[in-house]
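Asker: I'd like to ask some things about the structure below.
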Amino acid sequence: MLLKGTAIVTAATGPCPKGSPTECFHCGSKMGEEHKEGCVFRRKAVIVEVKITLPIVVPSHWSGEDVDFHLNESSWCADNIVVDLQKYIDAKGDEAPCLCSSFFGHYRREATEEDLDGVNQEILVAGE
């Protein structure tokens, strides 16, 4: 599924200081035209499965089952994992390892309209 706002050459998606200000540096399409197939500015959404091993802080009396319940069955929202991840990144010093050895990502499938229902697609690609 091609993301909205990525098919057409605009000032933000195409011209480069090293090239012409009126065409895409990568595919040569002119401003207002559609990027050619294979151009890096044409973007799609895919569904990935992510597994990460991360230290988080919980009450000292919690058992493993309590942690599992908290993460999977309680009212805790999975969006909160972003906070736990940021806390870890902010807390670790330069000598602590990055999370690369604790991370695994896997492509599942192409995203559908239903997957992106309520998602601002322009924000997904902003800043790339």
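Identifiers for the structure tokens are assigned positionally: chains receive A, B, ... in sequence, residues are indexed from 1 per chain, and ligands are indexed from 1 in the order shown.
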Which parts of segment 10-118 of chain A does DSSP call strand (DSSP E) when run on the backbone here, written out as an MDAnalysis selection string?
Answerer: chainID A and resid 46:52 103:110
Asker: May I have the residues within 6 Å of segment 26-34 of chain A as an MDAnalysis selection string, using only C-alpha atoms and disregarding those fewer than 4 positions away in the same chain?
Answerer: chainID A and resid 7:10 22 39
Asker: Write the residues you've just listed into a file as a JSON list (two decimals), in the first residue's frame, and include N, CA and C atoms for each of them.
Answerer:
[["chain", "number", "residue", "atom", "x", "y", "z"],
["A", 7, "ALA", "N", 3.83, 9.65, -3.53],
["A", 7, "ALA", "CA", 3.85, 9.34, -4.96],
["A", 7, "ALA", "C", 4.25, 10.53, -5.83],
["A", 8, "ILE", "N", 3.90, 11.74, -5.41],
["A", 8, "ILE", "CA", 4.10, 12.93, -6.23],
["A", 8, "ILE", "C", 5.36, 13.69, -5.82],
["A", 9, "VAL", "N", 6.09, 14.19, -6.81],
["A", 9, "VAL", "CA", 7.29, 14.98, -6.55],
["A", 9, "VAL", "C", 6.86, 16.35, -6.03],
["A", 10, "THR", "N", 7.33, 16.70, -4.84],
["A", 10, "THR", "CA", 7.08, 18.01, -4.24],
["A", 10, "THR", "C", 8.43, 18.60, -3.84],
["A", 22, "THR", "N", 13.76, 21.57, -9.76],
["A", 22, "THR", "CA", 12.43, 21.31, -10.32],
["A", 22, "THR", "C", 12.17, 19.85, -10.63],
["A", 39, "CYS", "N", 11.65, 4.56, -7.22],
["A", 39, "CYS", "CA", 12.22, 5.75, -6.60],
["A", 39, "CYS", "C", 12.14, 5.61, -5.08]]
Asker: May I have the residues within 7 Å of Ile47 of chain A as a PyMOL selection string, using only C-alpha atoms and disregarding those fewer than 5 positions away in the same chain?
Answerer: chain A and resi 107-111
Asker: How far is it from atom CA of Thr112 of chain A to atom CA of Cys77 of chain A, in Å with one decimal?
Answerer: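 Separation of atom CA of Thr112 of chain A and atom CA of Cys77 of chain A: 23.0 Å.
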Asker: Run DSSP on the backbone of this structure and report the residues of segment 5-112 of chain A it assigns to alpha helix (DSSP H), as an mmCIF file with N, CA and C atoms, in the first residue's frame.
Answerer:
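What ended up in result-v2.cif:
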data_model
loop_
_atom_site.group_PDB
_atom_site.id
_atom_site.type_symbol
_atom_site.label_atom_id
_atom_site.label_comp_id
_atom_site.auth_asym_id
_atom_site.auth_seq_id
_atom_site.Cartn_x
_atom_site.Cartn_y
_atom_site.Cartn_z
ATOM 1 N N GLY A 64 7.100 -13.375 38.367
ATOM 2 C CA GLY A 64 7.088 -13.418 36.912
ATOM 3 C C GLY A 64 5.681 -13.434 36.360
ATOM 4 N N GLU A 65 4.794 -14.151 37.041
ATOM 5 C CA GLU A 65 3.403 -14.209 36.609
ATOM 6 C C GLU A 65 2.737 -12.838 36.727
ATOM 7 N N ASP A 66 3.091 -12.088 37.780
ATOM 8 C CA ASP A 66 2.546 -10.732 37.942
ATOM 9 C C ASP A 66 2.997 -9.831 36.793
ATOM 10 N N VAL A 67 4.257 -9.937 36.420
ATOM 11 C CA VAL A 67 4.769 -9.128 35.315
ATOM 12 C C VAL A 67 4.062 -9.515 34.015
ATOM 13 N N ASP A 68 3.932 -10.821 33.770
ATOM 14 C CA ASP A 68 3.229 -11.276 32.571
ATOM 15 C C ASP A 68 1.799 -10.745 32.534
ATOM 16 N N PHE A 69 1.106 -10.828 33.671
ATOM 17 C CA PHE A 69 -0.261 -10.323 33.739
ATOM 18 C C PHE A 69 -0.298 -8.831 33.437
ATOM 19 N N HIS A 70 0.604 -8.093 34.072
ATOM 20 C CA HIS A 70 0.665 -6.637 33.885
ATOM 21 C C HIS A 70 0.838 -6.289 32.406
ATOM 22 N N LEU A 71 1.764 -6.967 31.725
ATOM 23 C CA LEU A 71 2.073 -6.634 30.333
ATOM 24 C C LEU A 71 1.039 -7.138 29.336
ATOM 25 N N ASN A 72 0.329 -8.209 29.656
ATOM 26 C CA ASN A 72 -0.522 -8.848 28.654
ATOM 27 C C ASN A 72 -2.014 -8.850 28.936
ATOM 28 N N ILE A 81 5.161 0.929 26.447
ATOM 29 C CA ILE A 81 6.491 0.340 26.307
ATOM 30 C C ILE A 81 7.468 1.369 25.749
ATOM 31 N N VAL A 82 6.964 2.341 25.014
ATOM 32 C CA VAL A 82 7.822 3.398 24.487
ATOM 33 C C VAL A 82 8.451 4.173 25.644
ATOM 34 N N VAL A 83 7.680 4.416 26.696
ATOM 35 C CA VAL A 83 8.192 5.113 27.876
ATOM 36 C C VAL A 83 9.278 4.274 28.543
ATOM 37 N N ASP A 84 9.031 2.966 28.712
ATOM 38 C CA ASP A 84 10.024 2.086 29.328
ATOM 39 C C ASP A 84 11.299 2.029 28.490
ATOM 40 N N LEU A 85 11.151 1.977 27.196
ATOM 41 C CA LEU A 85 12.308 1.949 26.303
ATOM 42 C C LEU A 85 13.102 3.245 26.405
ATOM 43 N N GLN A 86 12.419 4.375 26.416
ATOM 44 C CA GLN A 86 13.104 5.659 26.524
ATOM 45 C C GLN A 86 13.792 5.812 27.882
ATOM 46 N N LYS A 87 13.153 5.344 28.958
ATOM 47 C CA LYS A 87 13.780 5.385 30.283
ATOM 48 C C LYS A 87 15.098 4.618 30.280
ATOM 49 N N TYR A 88 15.096 3.432 29.671
ATOM 50 C CA TYR A 88 16.320 2.626 29.602
ATOM 51 C C TYR A 88 17.398 3.344 28.806
ATOM 52 N N ILE A 89 17.041 3.867 27.651
ATOM 53 C CA ILE A 89 18.024 4.562 26.805
ATOM 54 C C ILE A 89 18.582 5.775 27.537
ATOM 55 N N ASP A 90 17.723 6.539 28.222
ATOM 56 C CA ASP A 90 18.179 7.715 28.965
ATOM 57 C C ASP A 90 19.057 7.336 30.155
ATOM 58 N N ALA A 91 18.803 6.166 30.764
ATOM 59 C CA ALA A 91 19.510 5.764 31.983
ATOM 60 C C ALA A 91 20.858 5.100 31.705
#
Asker: Taking only C-alpha atoms into account, which of A:Thr53, A:Ala45, A:Lys4, A:Lys36 comes nearest Cys98 of chain A?
Answerer: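 Smallest distance to Cys98 of chain A is found for A:Thr53.
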Asker: Calculate how many Å separate atom CA of Glu49 of chain A from atom CA of Leu3 of chain A, rounding to one decimal.
Answerer: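 Going from atom CA of Glu49 of chain A over to atom CA of Leu3 of chain A, I get 19.8 Å.
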Asker: Between A:Val40, A:His106, A:Asn120, A:Ser74, which has the minimum distance to Gly14 of chain A (counting only C-alpha atoms)?
Answerer: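 Of all the options, A:Val40 lies closest to Gly14 of chain A.
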